[in-house]
>>> print(open('upload.pdb').read())   # PDB, C-alpha atoms and all ligand atoms
ATOM      1  CA  MET A   1     -38.033 -14.833 -36.497
ATOM      2  CA  ALA A   2     -35.661 -17.483 -37.840
ATOM      3  CA  PRO A   3     -31.957 -16.773 -37.269
ATOM      4  CA  GLU A   4     -30.144 -15.572 -40.370
ATOM      5  CA  THR A   5     -27.320 -18.063 -40.077
ATOM      6  CA  ARG A   6     -27.167 -21.721 -39.074
ATOM      7  CA  SER A   7     -24.217 -23.963 -38.253
ATOM      8  CA  CYS A   8     -23.692 -27.497 -39.527
ATOM      9  CA  PRO A   9     -24.258 -30.106 -36.791
ATOM     10  CA  ALA A  10     -21.553 -32.265 -38.398
ATOM     11  CA  CYS A  11     -18.649 -29.805 -38.807
ATOM     12  CA  GLY A  12     -19.760 -26.557 -37.176
ATOM     13  CA  HIS A  13     -19.496 -24.522 -40.397
ATOM     14  CA  GLU A  14     -21.754 -21.489 -40.191
ATOM     15  CA  ALA A  15     -23.655 -20.297 -43.259
ATOM     16  CA  ALA A  16     -26.529 -17.972 -44.051
ATOM     17  CA  GLN A  17     -29.981 -19.557 -44.312
ATOM     18  CA  ALA A  18     -30.038 -18.491 -47.972
ATOM     19  CA  VAL A  19     -26.854 -20.486 -48.580
ATOM     20  CA  TRP A  20     -28.332 -23.583 -46.906
ATOM     21  CA  HIS A  21     -31.419 -23.159 -49.043
ATOM     22  CA  ALA A  22     -29.398 -22.789 -52.253
ATOM     23  CA  HIS A  23     -27.454 -25.972 -51.343
ATOM     24  CA  LEU A  24     -30.694 -27.920 -50.616
ATOM     25  CA  GLN A  25     -29.693 -28.164 -46.918
ATOM     26  CA  VAL A  26     -26.393 -29.915 -47.735
ATOM     27  CA  CYS A  27     -23.477 -28.415 -45.791
ATOM     28  CA  PRO A  28     -21.365 -26.352 -48.240
ATOM     29  CA  ALA A  29     -18.231 -27.162 -46.205
ATOM     30  CA  CYS A  30     -18.422 -30.893 -45.379
ATOM     31  CA  GLY A  31     -21.286 -32.161 -47.566
ATOM     32  CA  ALA A  32     -23.354 -33.541 -44.654
ATOM     33  CA  HIS A  33     -26.978 -33.932 -45.755
ATOM     34  CA  GLN A  34     -29.326 -32.190 -43.307
ATOM     35  CA  PRO A  35     -33.111 -32.717 -43.307
ATOM     36  CA  ILE A  36     -35.010 -30.955 -46.081
ATOM     37  CA  ALA A  37     -38.756 -30.272 -46.050
ATOM     38  CA  ALA A  38     -40.820 -32.458 -48.404
ATOM     39  CA  ARG A  39     -42.128 -29.482 -50.373
ATOM     40  CA  ALA A  40     -38.665 -27.923 -50.781
ATOM     41  CA  ARG A  41     -37.343 -31.256 -52.035
ATOM     42  CA  LEU A  42     -40.135 -31.628 -54.577
ATOM     43  CA  GLU A  43     -39.813 -28.046 -55.775
ATOM     44  CA  ALA A  44     -36.079 -28.530 -56.317
ATOM     45  CA  LEU A  45     -36.683 -31.819 -58.130
ATOM     46  CA  CYS A  46     -39.474 -30.895 -60.525
ATOM     47  CA  ASP A  47     -39.452 -28.593 -63.535
ATOM     48  CA  ALA A  48     -40.728 -25.127 -62.621
ATOM     49  CA  GLY A  49     -44.504 -24.887 -62.641
ATOM     50  CA  THR A  50     -45.157 -28.654 -63.048
ATOM     51  CA  LEU A  51     -45.600 -29.678 -59.389
ATOM     52  CA  ARG A  52     -49.198 -30.496 -58.481
ATOM     53  CA  GLU A  53     -49.947 -31.819 -55.005
ATOM     54  CA  LEU A  54     -52.183 -34.906 -54.766
ATOM     55  CA  PHE A  55     -54.385 -36.196 -51.944
ATOM     56  CA  ALA A  56     -53.560 -33.194 -49.745
ATOM     57  CA  ASP A  57     -56.720 -33.657 -47.669
ATOM     58  CA  VAL A  58     -56.087 -37.288 -46.707
ATOM     59  CA  THR A  59     -55.208 -37.703 -43.021
ATOM     60  CA  GLY A  60     -55.362 -40.484 -40.466
ATOM     61  CA  GLY A  61     -57.532 -40.559 -37.372
ATOM     62  CA  ASP A  62     -56.980 -41.317 -33.724
ATOM     63  CA  PRO A  63     -58.550 -44.812 -33.696
ATOM     64  CA  LEU A  64     -57.235 -45.764 -30.255
ATOM     65  CA  CYS A  65     -57.924 -42.348 -28.683
ATOM     66  CA  PHE A  66     -54.268 -42.566 -27.720
ATOM     67  CA  PRO A  67     -53.508 -40.197 -24.819
ATOM     68  CA  GLY A  68     -52.016 -36.931 -26.074
ATOM     69  CA  TYR A  69     -51.940 -38.003 -29.751
ATOM     70  CA  ALA A  70     -54.428 -35.449 -31.077
ATOM     71  CA  ARG A  71     -52.540 -32.626 -29.366
ATOM     72  CA  LYS A  72     -49.181 -33.881 -30.672
ATOM     73  CA  LEU A  73     -50.575 -34.077 -34.211
ATOM     74  CA  ALA A  74     -51.806 -30.489 -33.947
ATOM     75  CA  VAL A  75     -48.312 -29.371 -32.883
ATOM     76  CA  GLN A  76     -46.705 -31.198 -35.846
ATOM     77  CA  ARG A  77     -49.154 -29.586 -38.264
ATOM     78  CA  GLU A  78     -48.519 -26.150 -36.856
ATOM     79  CA  LYS A  79     -44.716 -26.643 -36.954
ATOM     80  CA  THR A  80     -44.443 -27.994 -40.514
ATOM     81  CA  GLY A  81     -47.481 -26.596 -42.325
ATOM     82  CA  MET A  82     -48.179 -30.183 -43.482
ATOM     83  CA  ARG A  83     -51.282 -32.207 -42.594
ATOM     84  CA  GLU A  84     -49.466 -35.545 -42.697
ATOM     85  CA  ALA A  85     -45.866 -36.828 -42.761
ATOM     86  CA  VAL A  86     -45.873 -37.396 -46.513
ATOM     87  CA  MET A  87     -46.419 -35.124 -49.477
ATOM     88  CA  THR A  88     -47.683 -36.799 -52.648
ATOM     89  CA  ALA A  89     -47.637 -35.080 -56.016
ATOM     90  CA  GLU A  90     -47.369 -35.300 -59.748
ATOM     91  CA  GLY A  91     -44.659 -33.433 -61.569
ATOM     92  CA  GLU A  92     -42.176 -33.442 -64.408
ATOM     93  CA  ILE A  93     -38.457 -34.064 -64.163
ATOM     94  CA  GLU A  94     -36.660 -32.752 -67.239
ATOM     95  CA  GLY A  95     -39.933 -33.019 -69.135
ATOM     96  CA  ARG A  96     -40.845 -36.542 -67.974
ATOM     97  CA  ARG A  97     -43.997 -36.957 -65.891
ATOM     98  CA  ALA A  98     -43.908 -39.000 -62.685
ATOM     99  CA  VAL A  99     -45.925 -39.606 -59.534
ATOM    100  CA  LEU A 100     -43.900 -38.637 -56.473
ATOM    101  CA  GLY A 101     -44.119 -39.104 -52.730
ATOM    102  CA  VAL A 102     -41.805 -37.623 -50.099
ATOM    103  CA  LEU A 103     -41.846 -38.556 -46.433
ATOM    104  CA  ASP A 104     -40.815 -35.710 -44.164
ATOM    105  CA  ALA A 105     -38.835 -36.703 -41.058
ATOM    106  CA  GLN A 106     -39.611 -33.291 -39.549
ATOM    107  CA  PHE A 107     -43.278 -34.315 -39.171
ATOM    108  CA  PHE A 108     -43.581 -36.872 -36.369
ATOM    109  CA  MET A 109     -40.302 -38.521 -37.439
ATOM    110  CA  GLY A 110     -41.890 -39.368 -40.805
ATOM    111  CA  SER A 111     -43.785 -42.141 -39.046
ATOM    112  CA  MET A 112     -46.376 -44.108 -41.032
ATOM    113  CA  GLY A 113     -49.933 -44.104 -39.714
ATOM    114  CA  ALA A 114     -53.131 -44.658 -41.665
ATOM    115  CA  GLY A 115     -52.909 -41.222 -43.334
ATOM    116  CA  VAL A 116     -49.369 -41.756 -44.626
ATOM    117  CA  GLY A 117     -50.111 -45.330 -45.738
ATOM    118  CA  GLU A 118     -53.245 -44.226 -47.542
ATOM    119  CA  LYS A 119     -51.493 -41.367 -49.376
ATOM    120  CA  ILE A 120     -48.609 -43.633 -50.435
ATOM    121  CA  THR A 121     -51.082 -46.294 -51.620
ATOM    122  CA  ARG A 122     -53.114 -43.767 -53.599
ATOM    123  CA  ALA A 123     -49.923 -42.428 -55.192
ATOM    124  CA  ILE A 124     -48.945 -45.963 -56.259
ATOM    125  CA  GLU A 125     -52.428 -46.571 -57.674
ATOM    126  CA  ARG A 126     -52.384 -43.236 -59.488
ATOM    127  CA  ALA A 127     -49.047 -44.187 -61.100
ATOM    128  CA  ARG A 128     -50.530 -47.542 -62.158
ATOM    129  CA  ASP A 129     -53.721 -46.014 -63.591
ATOM    130  CA  GLU A 130     -51.905 -43.199 -65.411
ATOM    131  CA  ARG A 131     -49.039 -45.482 -66.481
ATOM    132  CA  LEU A 132     -46.478 -43.177 -64.941
ATOM    133  CA  PRO A 133     -43.216 -43.975 -63.188
ATOM    134  CA  LEU A 134     -43.312 -43.818 -59.397
ATOM    135  CA  ILE A 135     -40.625 -42.186 -57.238
ATOM    136  CA  LEU A 136     -40.858 -42.390 -53.438
ATOM    137  CA  PHE A 137     -38.432 -40.710 -51.015
ATOM    138  CA  SER A 138     -38.374 -42.302 -47.576
ATOM    139  CA  ALA A 139     -37.349 -40.759 -44.259
ATOM    140  CA  SER A 140     -39.037 -42.408 -41.332
ATOM    141  CA  GLY A 141     -38.809 -43.646 -37.792
ATOM    142  CA  GLY A 142     -41.179 -46.468 -38.790
ATOM    143  CA  ALA A 143     -44.773 -47.264 -37.997
ATOM    144  CA  ARG A 144     -46.652 -44.691 -35.871
ATOM    145  CA  MET A 145     -47.249 -46.506 -32.606
ATOM    146  CA  GLN A 146     -50.090 -44.190 -31.526
ATOM    147  CA  GLU A 147     -52.293 -45.819 -34.190
ATOM    148  CA  GLY A 148     -51.452 -49.387 -33.168
ATOM    149  CA  ILE A 149     -52.451 -52.110 -35.611
ATOM    150  CA  PHE A 150     -53.969 -49.537 -37.998
ATOM    151  CA  SER A 151     -50.452 -48.266 -38.470
ATOM    152  CA  LEU A 152     -48.876 -51.718 -38.870
ATOM    153  CA  MET A 153     -51.371 -52.782 -41.533
ATOM    154  CA  GLN A 154     -50.099 -49.953 -43.761
ATOM    155  CA  MET A 155     -46.975 -52.059 -44.289
ATOM    156  CA  ALA A 156     -48.982 -54.837 -45.943
ATOM    157  CA  LYS A 157     -51.237 -52.371 -47.766
ATOM    158  CA  THR A 158     -48.431 -50.349 -49.358
ATOM    159  CA  SER A 159     -46.439 -53.498 -50.200
ATOM    160  CA  ALA A 160     -49.466 -55.057 -51.917
ATOM    161  CA  ALA A 161     -49.977 -51.860 -53.925
ATOM    162  CA  VAL A 162     -46.319 -51.949 -55.042
ATOM    163  CA  ALA A 163     -46.684 -55.628 -56.058
ATOM    164  CA  ASP A 164     -49.770 -54.761 -58.094
ATOM    165  CA  PHE A 165     -47.996 -51.806 -59.732
ATOM    166  CA  SER A 166     -45.006 -54.015 -60.501
ATOM    167  CA  ALA A 167     -47.170 -56.745 -62.023
ATOM    168  CA  ALA A 168     -48.695 -54.101 -64.285
ATOM    169  CA  GLY A 169     -45.181 -53.264 -65.530
ATOM    170  CA  GLY A 170     -44.570 -49.956 -63.736
ATOM    171  CA  LEU A 171     -41.161 -48.522 -62.863
ATOM    172  CA  TYR A 172     -40.654 -47.758 -59.170
ATOM    173  CA  ILE A 173     -37.594 -45.844 -57.976
ATOM    174  CA  SER A 174     -37.127 -45.834 -54.198
ATOM    175  CA  VAL A 175     -34.847 -43.197 -52.669
ATOM    176  CA  LEU A 176     -33.767 -43.762 -49.069
ATOM    177  CA  THR A 177     -32.815 -40.689 -47.048
ATOM    178  CA  HIS A 178     -31.781 -40.156 -43.440
ATOM    179  CA  PRO A 179     -33.181 -41.947 -41.495
ATOM    180  CA  THR A 180     -35.170 -44.774 -43.105
ATOM    181  CA  THR A 181     -36.064 -47.326 -40.454
ATOM    182  CA  GLY A 182     -38.735 -49.602 -39.017
ATOM    183  CA  GLY A 183     -41.975 -50.384 -40.802
ATOM    184  CA  VAL A 184     -41.176 -48.140 -43.762
ATOM    185  CA  THR A 185     -37.910 -49.993 -44.451
ATOM    186  CA  ALA A 186     -39.794 -53.254 -43.946
ATOM    187  CA  SER A 187     -42.395 -52.349 -46.575
ATOM    188  CA  PHE A 188     -42.565 -50.112 -49.663
ATOM    189  CA  ALA A 189     -39.156 -48.419 -49.193
ATOM    190  CA  SER A 190     -37.285 -51.671 -49.843
ATOM    191  CA  LEU A 191     -39.318 -52.715 -52.876
ATOM    192  CA  GLY A 192     -37.966 -50.339 -55.552
ATOM    193  CA  ASP A 193     -36.904 -51.633 -58.958
ATOM    194  CA  ILE A 194     -34.083 -49.129 -58.558
ATOM    195  CA  MET A 195     -32.807 -48.424 -55.034
ATOM    196  CA  LEU A 196     -31.038 -45.108 -54.477
ATOM    197  CA  ALA A 197     -29.839 -43.484 -51.251
ATOM    198  CA  GLU A 198     -28.468 -40.155 -50.110
ATOM    199  CA  PRO A 199     -24.937 -40.197 -48.643
ATOM    200  CA  GLY A 200     -24.594 -41.049 -44.950
ATOM    201  CA  ALA A 201     -28.267 -41.978 -44.429
ATOM    202  CA  LEU A 202     -29.127 -44.413 -41.648
ATOM    203  CA  ILE A 203     -30.993 -47.297 -43.297
ATOM    204  CA  GLY A 204     -32.192 -50.295 -41.345
ATOM    205  CA  PHE A 205     -35.068 -51.956 -39.537
ATOM    206  CA  ALA A 206     -34.181 -51.619 -35.866
ATOM    207  CA  GLY A 207     -31.840 -48.706 -35.097
ATOM    208  CA  PRO A 208     -28.222 -49.381 -34.083
ATOM    209  CA  ARG A 209     -28.874 -48.550 -30.405
ATOM    210  CA  VAL A 210     -31.636 -51.154 -30.167
ATOM    211  CA  ILE A 211     -29.454 -53.786 -31.863
ATOM    212  CA  GLU A 212     -26.493 -53.020 -29.590
ATOM    213  CA  GLN A 213     -28.679 -53.321 -26.505
ATOM    214  CA  THR A 214     -30.206 -56.568 -27.780
ATOM    215  CA  ILE A 215     -27.012 -58.383 -28.763
ATOM    216  CA  GLY A 216     -24.809 -56.775 -26.102
ATOM    217  CA  GLN A 217     -22.063 -55.947 -28.622
ATOM    218  CA  ARG A 218     -20.623 -52.829 -30.220
ATOM    219  CA  LEU A 219     -21.501 -52.478 -33.898
ATOM    220  CA  PRO A 220     -18.869 -51.774 -36.572
ATOM    221  CA  GLU A 221     -18.208 -48.168 -37.654
ATOM    222  CA  GLY A 222     -20.686 -46.974 -40.286
ATOM    223  CA  PHE A 223     -23.079 -49.894 -39.681
ATOM    224  CA  GLN A 224     -26.415 -49.359 -41.523
ATOM    225  CA  ARG A 225     -25.244 -46.183 -43.302
ATOM    226  CA  SER A 226     -25.885 -45.829 -47.055
ATOM    227  CA  GLU A 227     -22.262 -46.685 -47.864
ATOM    228  CA  PHE A 228     -22.476 -49.896 -45.772
ATOM    229  CA  GLN A 229     -25.772 -50.849 -47.458
ATOM    230  CA  MET A 230     -24.272 -50.135 -50.889
ATOM    231  CA  GLU A 231     -21.268 -52.349 -50.116
ATOM    232  CA  HIS A 232     -23.642 -55.147 -49.057
ATOM    233  CA  GLY A 233     -25.796 -54.959 -52.165
ATOM    234  CA  PHE A 234     -28.953 -53.351 -50.757
ATOM    235  CA  ILE A 235     -28.511 -50.055 -52.622
ATOM    236  CA  ASP A 236     -27.848 -49.620 -56.351
ATOM    237  CA  ARG A 237     -26.314 -46.168 -56.132
ATOM    238  CA  ILE A 238     -25.606 -43.383 -53.647
ATOM    239  CA  VAL A 239     -26.660 -40.043 -55.077
ATOM    240  CA  PRO A 240     -25.817 -36.691 -53.475
ATOM    241  CA  ARG A 241     -28.875 -34.437 -53.224
ATOM    242  CA  GLY A 242     -27.492 -31.934 -55.722
ATOM    243  CA  ARG A 243     -27.244 -34.696 -58.365
ATOM    244  CA  MET A 244     -30.608 -36.346 -57.643
ATOM    245  CA  ARG A 245     -32.605 -34.521 -60.316
ATOM    246  CA  ALA A 246     -30.114 -35.403 -63.075
ATOM    247  CA  VAL A 247     -29.870 -39.063 -62.000
ATOM    248  CA  LEU A 248     -33.651 -39.499 -61.768
ATOM    249  CA  ALA A 249     -34.088 -37.825 -65.164
ATOM    250  CA  GLN A 250     -31.581 -40.252 -66.641
ATOM    251  CA  ALA A 251     -33.356 -43.266 -65.113
ATOM    252  CA  LEU A 252     -36.725 -42.054 -66.435
ATOM    253  CA  ARG A 253     -35.232 -41.496 -69.884
ATOM    254  CA  LEU A 254     -33.654 -44.970 -69.968
ATOM    255  CA  HIS A 255     -36.933 -46.645 -69.006
ATOM    256  CA  GLU A 256     -39.238 -44.705 -71.289
ATOM    257  CA  GLY A 257     -39.487 -47.595 -73.760
ATOM    258  CA  GLY A 258     -40.590 -49.899 -70.963
ATOM    259  CA  VAL A 259     -43.379 -47.598 -69.900
ATOM    260  CA  SER A 260     -44.822 -47.299 -73.419
ATOM    261  CA  ALA A 261     -44.956 -51.117 -73.598
ATOM    262  CA  TRP A 262     -47.367 -51.385 -70.605
TER     263      TRP A 262
HETATM  264 ZN    ZN A 301     -20.666 -29.459 -42.338
END
>>> encode(input="upload.pdb", output="structure tokens", more="lines below")
Ligand SMILES: [Zn+2]
Amino acid sequence: MAPETRSCPACGHEAAQAVWHAHLQVCPACGAHQPIAARARLEALCDAGTLRELFADVTGGDPLCFPGYARKLAVQREKTGMREAVMTAEGEIEGRRAVLGVLDAQFFMGSMGAGVGEKITRAIERARDERLPLILFSASGGARMQEGIFSLMQMAKTSAAVADFSAAGGLYISVLTHPTTGGVTASFASLGDIMLAEPGALIGFAGPRVIEQTIGQRLPEGFQRSEFQMEHGFIDRIVPRGRMRAVLAQALRLHEGGVSAW
């Protein structure tokens, strides 16, 4: 049975699980954003009763017969109740329909294999075909190395789908959450028309430890965090999780005219 209380890894504040849930896994004392399950995020974001999961049966394979991969996948599925590291859906935010995708860092570090790439691509294509705005939340350790080149090619595939969607006139809002790194940063996550981020999220290609080891230097405080990326022009706005629904609704409202002109 899950413990009834949990303490914040950032400040040590202890709160009941129900309180964490009500605060969308943001610490009520210090505001640190802890991981939230993809489904919980989507349920909090969408109007009640409008969330409809898409492509739930799509999964990747084990093309390299990578030692231990099948067993690890089974463990991830058991732990999270998800079949892949992304949940794709359609829903309404304050009455405005959108296609949504949420990577879940609790499933295999949100890594992108063929299953994740395929679901993201189908979501983008669905948005294009239905002329709906697209909102993707990223949280990822990058490409899933157990699938080798099949994983890496998802970067090109998802990026091409975004380019196609963009050329058709679609609105794509990318939301970067902790941590967004590797092949996901280097593909669809960085291609939003509007780039949002949650506070304090690590956003980069290689992680800070790898960079420090490569260049043999200490990195500045806060390097690659949302606030650093905002200061350097990579992010349009930092949005706390509790405000995300209102901000996305506003963006959808402002761009409604554009969508009808497709
Ligand atoms: Zn805290």
>>> resolve_selection(input="upload.pdb", expression="the PyMOL selection byres (((chain A and resi 14) around 12) and not hetatm)", output="PDB file with C-alpha atoms, keeping the file's coordinate frame")
ATOM      1  CA  PRO A   3     -31.957 -16.773 -37.269  1.00  0.00           C
ATOM      2  CA  GLU A   4     -30.144 -15.572 -40.370  1.00  0.00           C
ATOM      3  CA  THR A   5     -27.320 -18.063 -40.077  1.00  0.00           C
ATOM      4  CA  ARG A   6     -27.167 -21.721 -39.074  1.00  0.00           C
ATOM      5  CA  SER A   7     -24.217 -23.963 -38.253  1.00  0.00           C
ATOM      6  CA  CYS A   8     -23.692 -27.497 -39.527  1.00  0.00           C
ATOM      7  CA  PRO A   9     -24.258 -30.106 -36.791  1.00  0.00           C
ATOM      8  CA  ALA A  10     -21.553 -32.265 -38.398  1.00  0.00           C
ATOM      9  CA  CYS A  11     -18.649 -29.805 -38.807  1.00  0.00           C
ATOM     10  CA  GLY A  12     -19.760 -26.557 -37.176  1.00  0.00           C
ATOM     11  CA  HIS A  13     -19.496 -24.522 -40.397  1.00  0.00           C
ATOM     12  CA  ALA A  15     -23.655 -20.297 -43.259  1.00  0.00           C
ATOM     13  CA  ALA A  16     -26.529 -17.972 -44.051  1.00  0.00           C
ATOM     14  CA  GLN A  17     -29.981 -19.557 -44.312  1.00  0.00           C
ATOM     15  CA  ALA A  18     -30.038 -18.491 -47.972  1.00  0.00           C
ATOM     16  CA  VAL A  19     -26.854 -20.486 -48.580  1.00  0.00           C
ATOM     17  CA  TRP A  20     -28.332 -23.583 -46.906  1.00  0.00           C
ATOM     18  CA  CYS A  27     -23.477 -28.415 -45.791  1.00  0.00           C
ATOM     19  CA  PRO A  28     -21.365 -26.352 -48.240  1.00  0.00           C
ATOM     20  CA  ALA A  29     -18.231 -27.162 -46.205  1.00  0.00           C
ATOM     21  CA  CYS A  30     -18.422 -30.893 -45.379  1.00  0.00           C
TER      22      CYS A  30
END
>>> resolve_selection(input="upload.pdb", expression="the PyMOL selection byres (((chain A and resi 61-64) around 9) and not hetatm)", output="list in words")
Thr59, Gly60, Cys65, Phe66, Pro67, Tyr69, Ala70, Gly113, Ala114, Gly115, Gln146, Glu147, Gly148 and Phe150 of chain A
>>> axis_aligned_box(input="upload.pdb", around="region 89-107 of chain A", padding_each_side="6 Å", output="lines of an AutoDock Vina configuration file")
center_x = -42.1
center_y = -36.2
center_z = -54.2
size_x = 23.0
size_y = 18.9
size_z = 42.0
>>> residues_around(input="upload.pdb", residues="region 78-90 of chain A", least_positions_apart="6", cutoff="6 Å", atoms="all atoms listed in the file", output="ChimeraX atom specification")
/A:51-54,98-104,107,110,116
>>> closest_residue(input="upload.pdb", among="A:His21, A:Thr180, A:Gln76, A:Val26", to="ligand ZN 301 (chain A)", atoms="all atoms listed in the file")
A:Val26
>>> resolve_selection(input="upload.pdb", expression="the PyMOL selection byres (((chain A and resi 191) around 12) and not hetatm)", output="number ranges by chain")
A: 134-136, 138, 155, 158-166, 171-176, 184-190, 192-196, 234-235
>>> atom_distance(input="upload.pdb", atom1="CA of Leu132 (chain A)", atom2="CA of His23 (chain A)")
29.0 Å
>>> closest_residue(input="upload.pdb", among="A:Leu202, A:Ala32, A:Met145, A:Leu24", to="ligand ZN 301 (chain A)", atoms="only C-alpha atoms and all ligand atoms")
A:Ala32
>>> closest_residue(input="upload.pdb", among="A:Asp129, A:Ser226, A:Glu118, A:Gln250", to="Asp57 (chain A)", atoms="only C-alpha atoms")
A:Glu118
>>> closest_residue(input="upload.pdb", among="A:Gln217, A:Gln25, A:Ser151, A:Gln224", to="ligand ZN 301 (chain A)", atoms="all atoms listed in the file")
A:Gln25
>>> residues_around(input="upload.pdb", residues="Pro240 (chain A)", least_positions_apart="5", cutoff="10 Å", atoms="all atoms listed in the file", output="MDAnalysis selection string")
chainID A and resid 26 31:33 196:200 245 247
>>> closest_residue(input="upload.pdb", among="A:Ile93, A:Ala143, A:Leu73, A:Val58", to="Ile120 (chain A)", atoms="only C-alpha atoms")
A:Val58
>>> atom_distance(input="upload.pdb", atom1="CA of Lys119 (chain A)", atom2="CA of Phe55 (chain A)")
6.5 Å
>>> atom_distance(input="upload.pdb", atom1="CA of Ala22 (chain A)", atom2="CA of Gly222 (chain A)")
28.4 Å
>>> decode(input="upload.pdb", residues="region 153-174 of chain A", atoms="N, CA and C atoms", output="short mmCIF file (atom, residue, chain, number, x, y, z; two decimals), in the first residue's frame")
data_model
loop_
_atom_site.label_atom_id
_atom_site.label_comp_id
_atom_site.auth_asym_id
_atom_site.auth_seq_id
_atom_site.Cartn_x
_atom_site.Cartn_y
_atom_site.Cartn_z
N MET A 153 15.84 7.19 -35.67
CA MET A 153 15.08 7.67 -36.84
C MET A 153 13.76 8.34 -36.46
N GLN A 154 13.31 8.13 -35.21
CA GLN A 154 12.08 8.80 -34.76
C GLN A 154 12.28 10.31 -34.68
N MET A 155 13.53 10.72 -34.50
CA MET A 155 13.82 12.17 -34.46
C MET A 155 13.48 12.80 -35.80
N ALA A 156 13.94 12.18 -36.88
CA ALA A 156 13.67 12.72 -38.22
C ALA A 156 12.18 12.59 -38.55
N LYS A 157 11.60 11.46 -38.16
CA LYS A 157 10.19 11.19 -38.49
C LYS A 157 9.26 12.21 -37.82
N THR A 158 9.46 12.43 -36.52
CA THR A 158 8.58 13.37 -35.81
C THR A 158 8.82 14.80 -36.30
N SER A 159 10.08 15.13 -36.59
CA SER A 159 10.39 16.50 -37.06
C SER A 159 9.75 16.75 -38.42
N ALA A 160 9.79 15.74 -39.29
CA ALA A 160 9.17 15.88 -40.62
C ALA A 160 7.66 16.05 -40.48
N ALA A 161 7.06 15.33 -39.55
CA ALA A 161 5.61 15.45 -39.34
C ALA A 161 5.26 16.85 -38.84
N VAL A 162 6.10 17.41 -37.95
CA VAL A 162 5.86 18.77 -37.46
C VAL A 162 5.98 19.77 -38.62
N ALA A 163 6.99 19.58 -39.48
CA ALA A 163 7.19 20.49 -40.62
C ALA A 163 5.97 20.47 -41.54
N ASP A 164 5.44 19.28 -41.76
CA ASP A 164 4.27 19.09 -42.61
C ASP A 164 3.04 19.78 -41.99
N PHE A 165 2.88 19.59 -40.69
CA PHE A 165 1.78 20.20 -39.94
C PHE A 165 1.87 21.72 -40.01
N SER A 166 3.09 22.21 -39.84
CA SER A 166 3.36 23.65 -39.87
C SER A 166 3.04 24.24 -41.24
N ALA A 167 3.47 23.52 -42.29
CA ALA A 167 3.23 23.99 -43.65
C ALA A 167 1.74 24.05 -43.96
N ALA A 168 0.97 23.18 -43.28
CA ALA A 168 -0.47 23.18 -43.48
C ALA A 168 -1.15 24.28 -42.67
N GLY A 169 -0.38 24.98 -41.82
CA GLY A 169 -0.92 26.12 -41.08
C GLY A 169 -1.35 25.82 -39.67
N GLY A 170 -0.94 24.66 -39.13
CA GLY A 170 -1.37 24.27 -37.78
C GLY A 170 -0.60 24.98 -36.68
N LEU A 171 -1.24 25.11 -35.53
CA LEU A 171 -0.61 25.70 -34.34
C LEU A 171 -0.07 24.58 -33.45
N TYR A 172 1.22 24.65 -33.14
CA TYR A 172 1.85 23.65 -32.28
C TYR A 172 2.44 24.33 -31.05
N ILE A 173 1.94 23.94 -29.89
CA ILE A 173 2.47 24.46 -28.62
C ILE A 173 3.28 23.34 -27.96
N SER A 174 4.57 23.61 -27.73
CA SER A 174 5.44 22.62 -27.09
C SER A 174 5.68 23.04 -25.64
#
